[in-house]
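J.: Before I ask anything, let me first share the structure, which is written out below as structure tokens.
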Amino acid sequence: MSEKIAIVGSGLIGRSWAVLFARGGYRVVLYDVKEELMTQAMGVIETQLRSLHESNLLLGKDPAECFSRVSTCDSLSSTVEGAILLQECVPEDLGLKRKVFTELDSMVSDTTILSSSTSCIVPSKFTESLSHRANCIVCHPVNPPHYCPAVEVIPAPWTSGHVKEKTISIMKQIGMKPVVAKKECDGFILNRLQYAVLQESWRLVEDGVCDPEDIDTVMTGGLGLRWSFIGPFETIHLNAPGGVRDYCERYSDGIVRVSNTFGEPRPLTGETLVKVTEYLEGDVPMEKHKDNLEWRDGVLKQLAVFKQSMPDKP
Ligand SMILES: NC(=O)c1ccc[n+]([C@@H]2O[C@H](COP(=O)([O-])OP(=O)(O)OC[C@H]3O[C@@H](n4cnc5c(N)ncnc54)[C@H](O)[C@@H]3O)[C@@H](O)[C@H]2O)c1
């Protein structure tokens, strides 16, 4: 029988993890404090598996066979019993993460990996006093994880080397691209980059340089196009005839000069919030929020299909 993965919390992210682990060949058991959410989750998981299969993104697996390995359970201790890894997906609240991890600590075997989906909370904040703290780690996915393969793996200072290596190997096996942090850092990697761009976008609008829609156009019609297949380092390497050294020689002074004008972080409030809201309410209205989410996921799916068949680098 295939190895078991436990998912604790069957909301947006828990459901996606279930799809990914089932696609990777694991048996998946889902738990939630709200039973009706688990029933809903099963419907979503079945649909997502079928949809991935239709787009050739199910790694050659049969969707019905993957779905037959997913089940729900209304007891937390039975959910985690015998699991090689449990993926915690409860809401982003430090008190709740501490409570859930303390509960799990008393139930798991010495070999179960306790992995959290937290977006921003470093693992040492909710695992320090646990007897299984060497088994704790963060695996932070990007939403929606079934179309965005990057996953941030953040060990706590006391996470064992074996748990780190095993987690990385499981992530690779289910088709993810793990990025392993060498040490804990507030906001991890993805959100620090995202917040840097968001802060500068806010400043440009607040200081009257451009309108909110211009920021989105610069990203969707410029930077973001390249960033979907080469990162900022590869971008600068290819942007100078002599590669990265040449680029840095030419542009380092200018980058430092401009960066010195960035200034203090701005709170996301006030007149700028009114401006940004007006733009978004016009272009992406709340009454069409669900439709716009489906549209975003549909486009991401097409991008995932394209990236799968992208030509290799020479
Ligand atoms: N939404 C995102 O874009 C995103 C992306 C990456 C990571 N994350 C992280 O994933 C985690 C889950 O986020 P989400 O968006 O899926 O939230 P969500 O609100 O959609 O789902 C959370 C689920 O946890 C359940 N829950 C609450 N308390 C519980 C408990 N004690 N035991 C078991 N289940 C419980 C809720 O009933 C709910 O179904 C958060 O830490 C979040 O930061 C979210």
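Each chain in the structure tokens gets a letter, A, B and so on, in the order shown; residues start at 1 in every chain, and ligands are counted from 1 in the order they appear.
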Taking only C-alpha atoms and all ligand atoms and a cut-off of 6 Å, can you tell me which residues surround ligand 1, written as a VMD selection string?
T.: chain A and resid 8 to 14 32 to 34 37 89 to 92 100 117 to 119 140 to 143
J.: Mind dumping the selected residues with all heavy atoms as a short mmCIF file (atom, residue, chain, number, x, y, z; two decimals), in the first residue's frame?
T.:
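Result written to selection-v5.cif:
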```cif
data_model
loop_
_atom_site.label_atom_id
_atom_site.label_comp_id
_atom_site.auth_asym_id
_atom_site.auth_seq_id
_atom_site.Cartn_x
_atom_site.Cartn_y
_atom_site.Cartn_z
N VAL A 8 -4.01 18.60 7.54
CA VAL A 8 -4.80 19.14 8.66
C VAL A 8 -5.29 20.53 8.27
O VAL A 8 -4.51 21.48 8.19
CB VAL A 8 -3.94 19.18 9.94
CG1 VAL A 8 -4.75 19.75 11.11
CG2 VAL A 8 -3.43 17.78 10.27
N GLY A 9 -6.59 20.64 7.97
CA GLY A 9 -7.17 21.89 7.45
C GLY A 9 -7.46 21.69 5.97
O GLY A 9 -6.52 21.54 5.18
N SER A 10 -8.77 21.66 5.61
CA SER A 10 -9.09 21.32 4.21
C SER A 10 -9.62 22.53 3.43
O SER A 10 -10.49 22.40 2.59
CB SER A 10 -10.10 20.18 4.18
OG SER A 10 -11.33 20.63 4.71
N GLY A 11 -9.07 23.72 3.73
CA GLY A 11 -9.46 24.93 2.99
C GLY A 11 -8.74 25.00 1.65
O GLY A 11 -8.36 23.98 1.06
N LEU A 12 -8.54 26.25 1.20
CA LEU A 12 -7.95 26.49 -0.11
C LEU A 12 -6.65 25.72 -0.33
O LEU A 12 -6.46 25.02 -1.34
CB LEU A 12 -7.72 28.00 -0.24
CG LEU A 12 -7.31 28.53 -1.58
CD1 LEU A 12 -8.48 28.47 -2.54
CD2 LEU A 12 -6.81 29.98 -1.44
N ILE A 13 -5.73 25.84 0.63
CA ILE A 13 -4.39 25.27 0.45
C ILE A 13 -4.38 23.77 0.75
O ILE A 13 -3.73 22.99 0.05
CB ILE A 13 -3.37 26.04 1.33
CG1 ILE A 13 -3.22 27.48 0.80
CG2 ILE A 13 -2.02 25.36 1.41
CD1 ILE A 13 -2.75 27.59 -0.65
N GLY A 14 -5.14 23.36 1.77
CA GLY A 14 -5.22 21.92 2.11
C GLY A 14 -5.69 21.11 0.93
O GLY A 14 -5.17 20.02 0.64
N ASP A 32 -10.52 18.26 9.08
CA ASP A 32 -10.88 19.67 9.31
C ASP A 32 -11.80 19.72 10.51
O ASP A 32 -12.50 18.74 10.81
CB ASP A 32 -11.60 20.25 8.08
CG ASP A 32 -11.51 21.77 8.02
OD1 ASP A 32 -12.15 22.44 8.87
OD2 ASP A 32 -10.80 22.30 7.16
N VAL A 33 -11.81 20.86 11.20
CA VAL A 33 -12.75 20.98 12.33
C VAL A 33 -14.18 21.11 11.83
O VAL A 33 -15.13 20.86 12.57
CB VAL A 33 -12.41 22.19 13.24
CG1 VAL A 33 -11.28 21.84 14.20
CG2 VAL A 33 -12.09 23.44 12.45
N LYS A 34 -14.35 21.53 10.58
CA LYS A 34 -15.70 21.65 10.02
C LYS A 34 -15.93 20.53 9.02
O LYS A 34 -15.31 20.50 7.95
CB LYS A 34 -15.86 23.01 9.32
CG LYS A 34 -15.83 24.18 10.29
CD LYS A 34 -16.20 25.45 9.58
CE LYS A 34 -16.01 26.63 10.51
NZ LYS A 34 -15.59 27.84 9.81
N LEU A 37 -16.79 21.23 5.33
CA LEU A 37 -15.69 21.69 4.47
C LEU A 37 -14.93 20.51 3.87
O LEU A 37 -14.42 20.58 2.74
CB LEU A 37 -14.74 22.59 5.25
CG LEU A 37 -15.30 23.97 5.60
CD1 LEU A 37 -14.26 24.80 6.32
CD2 LEU A 37 -15.73 24.70 4.32
N CYS A 89 -2.51 22.99 7.43
CA CYS A 89 -3.05 24.05 6.55
C CYS A 89 -4.16 24.81 7.26
O CYS A 89 -5.23 25.05 6.68
CB CYS A 89 -3.61 23.46 5.26
SG CYS A 89 -2.50 22.35 4.40
N VAL A 90 -3.97 25.15 8.54
CA VAL A 90 -4.99 25.91 9.27
C VAL A 90 -4.71 27.40 9.06
O VAL A 90 -3.64 27.77 8.59
CB VAL A 90 -5.03 25.53 10.78
CG1 VAL A 90 -5.21 24.03 10.94
CG2 VAL A 90 -3.79 26.00 11.52
N PRO A 91 -5.68 28.29 9.38
CA PRO A 91 -5.48 29.72 9.09
C PRO A 91 -4.20 30.31 9.71
O PRO A 91 -3.68 29.80 10.70
CB PRO A 91 -6.73 30.37 9.68
CG PRO A 91 -7.77 29.30 9.62
CD PRO A 91 -7.03 28.02 9.89
N GLU A 92 -3.74 31.40 9.07
CA GLU A 92 -2.47 32.04 9.43
C GLU A 92 -2.62 32.83 10.73
O GLU A 92 -2.88 34.04 10.72
CB GLU A 92 -2.05 32.95 8.27
CG GLU A 92 -0.66 33.55 8.38
CD GLU A 92 0.44 32.58 7.98
OE1 GLU A 92 0.19 31.37 7.86
OE2 GLU A 92 1.57 33.06 7.81
N VAL A 100 -2.35 23.97 17.42
CA VAL A 100 -2.46 22.78 16.56
C VAL A 100 -1.17 21.94 16.62
O VAL A 100 -1.21 20.72 16.73
CB VAL A 100 -2.81 23.20 15.11
CG1 VAL A 100 -2.69 22.04 14.14
CG2 VAL A 100 -4.22 23.79 15.06
N SER A 117 2.13 24.93 6.34
CA SER A 117 1.99 25.71 5.10
C SER A 117 2.12 27.20 5.34
O SER A 117 1.89 27.99 4.41
CB SER A 117 0.61 25.47 4.47
OG SER A 117 0.41 24.12 4.22
N THR A 118 2.44 27.61 6.56
CA THR A 118 2.44 29.04 6.89
C THR A 118 3.15 29.90 5.83
O THR A 118 4.20 29.52 5.32
CB THR A 118 3.08 29.30 8.28
OG1 THR A 118 3.15 30.72 8.48
CG2 THR A 118 4.48 28.73 8.40
N SER A 119 2.57 31.07 5.55
CA SER A 119 3.13 31.95 4.52
C SER A 119 4.26 32.81 5.06
O SER A 119 5.08 33.31 4.30
CB SER A 119 2.06 32.90 3.99
OG SER A 119 0.94 32.20 3.57
N HIS A 140 6.08 26.12 2.37
CA HIS A 140 5.16 27.20 1.99
C HIS A 140 4.93 27.19 0.48
O HIS A 140 5.83 27.51 -0.29
CB HIS A 140 5.72 28.55 2.44
CG HIS A 140 4.98 29.72 1.86
ND1 HIS A 140 5.61 30.79 1.25
CD2 HIS A 140 3.65 29.97 1.78
CE1 HIS A 140 4.69 31.63 0.81
NE2 HIS A 140 3.50 31.18 1.13
N PRO A 141 3.70 26.83 0.05
CA PRO A 141 3.43 26.78 -1.39
C PRO A 141 3.03 28.15 -1.92
O PRO A 141 2.78 29.08 -1.16
CB PRO A 141 2.24 25.82 -1.47
CG PRO A 141 1.48 26.07 -0.20
CD PRO A 141 2.48 26.48 0.84
N VAL A 142 2.96 28.25 -3.24
CA VAL A 142 2.47 29.48 -3.89
C VAL A 142 1.08 29.16 -4.43
O VAL A 142 0.86 28.10 -5.01
CB VAL A 142 3.40 29.87 -5.07
CG1 VAL A 142 2.98 31.21 -5.67
CG2 VAL A 142 4.85 29.90 -4.64
N ASN A 143 0.15 30.07 -4.22
CA ASN A 143 -1.23 29.81 -4.63
C ASN A 143 -1.47 30.14 -6.11
O ASN A 143 -1.08 31.22 -6.54
CB ASN A 143 -2.16 30.67 -3.76
CG ASN A 143 -3.60 30.28 -3.92
OD1 ASN A 143 -3.93 29.10 -4.01
ND2 ASN A 143 -4.46 31.25 -4.01
#
```
J.: Please, which residues of range 58-307 of chain A, numbered as in this document, come out helix (DSSP H, G or I) from DSSP, as number ranges by chain?
T.: A: 63-68, 76-80, 94-105, 124-127, 133-135, 161-173, 190-206, 212-227, 232-238, 243-259, 270-283, 286-307
J.: Would you give me, as a PyMOL selection string, the residues in range 16-249 of chain A that DSSP reads as strand (DSSP E)?
T.: chain A and resi 27-31+70-72+83-88+113-116+136-141+150-155+177-180
J.: Give me, as a PyMOL selection string, all polymer residues having an atom no more than 8 Å from Thr79 in chain A, counting only C-alpha atoms and skipping those fewer than 2 positions away in the same chain.
T.: chain A and resi 6-7+29-31+73-77+81+83
J.: Let me make sure I understand: among A:Arg133, A:Ala18, A:Leu86, A:His146, which one has the smallest atom-to-atom distance to Gly298 in chain A if we use only C-alpha atoms?
T.: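 The shortest atom-to-atom distance to Gly298 in chain A comes from A:His146.
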J.: Nearest to Ile154 in chain A among A:Lys97, A:Ala181, A:Asn135, A:Lys166, with distances taken over only C-alpha atoms: which residue is it?
T.: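 Closest to Ile154 in chain A of all the choices is A:Ala181.
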J.: Can you tell me, as a list in words, what residues are no more than 12 Å from Gln199 in chain A when counting only C-alpha atoms, ignoring any on the same chain fewer than 6 positions away?
T.: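 Non-adjacent residues within range: Asn191, Arg192, Leu193, Val205, Glu206, Ile215, Phe262, Gly263, Glu264, Pro265, Arg266, Pro267, Leu268, Thr269 and Thr272 of chain A.
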J.: Would you work out the distance separating CA of Pro123 in chain A from CA of His162 in chain A, expressed in Å to one decimal?
T.: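 Interatomic distance here is 16.8 Å.
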J.: Considering only C-alpha atoms, return as a ChimeraX atom specification whatever protein or nucleic-acid residues lie within 12 Å of Thr159 in chain A, sequence-local ones (same chain, fewer than 2 positions apart) excluded.
T.: /A:113-115,123-124,127-128,130-138,153-157,161-167,182-184
J.: Would you list the contacts of Ile236 in chain A as a list of chain:residue names, taking every protein, DNA or RNA residue within 12 Å and counting only C-alpha atoms, but skipping same-chain residues closer than 3 positions in sequence?
T.: A:Leu223, A:Arg226, A:Trp227, A:Ile230, A:Gly231, A:Pro232, A:Phe233, A:Asn239, A:Ala240, A:Pro241, A:Gly242, A:Gly243, A:Val244, A:Arg245, A:Asp246, A:Tyr247, A:Cys248, A:Glu249, A:Arg250, A:Tyr251, A:Ser252
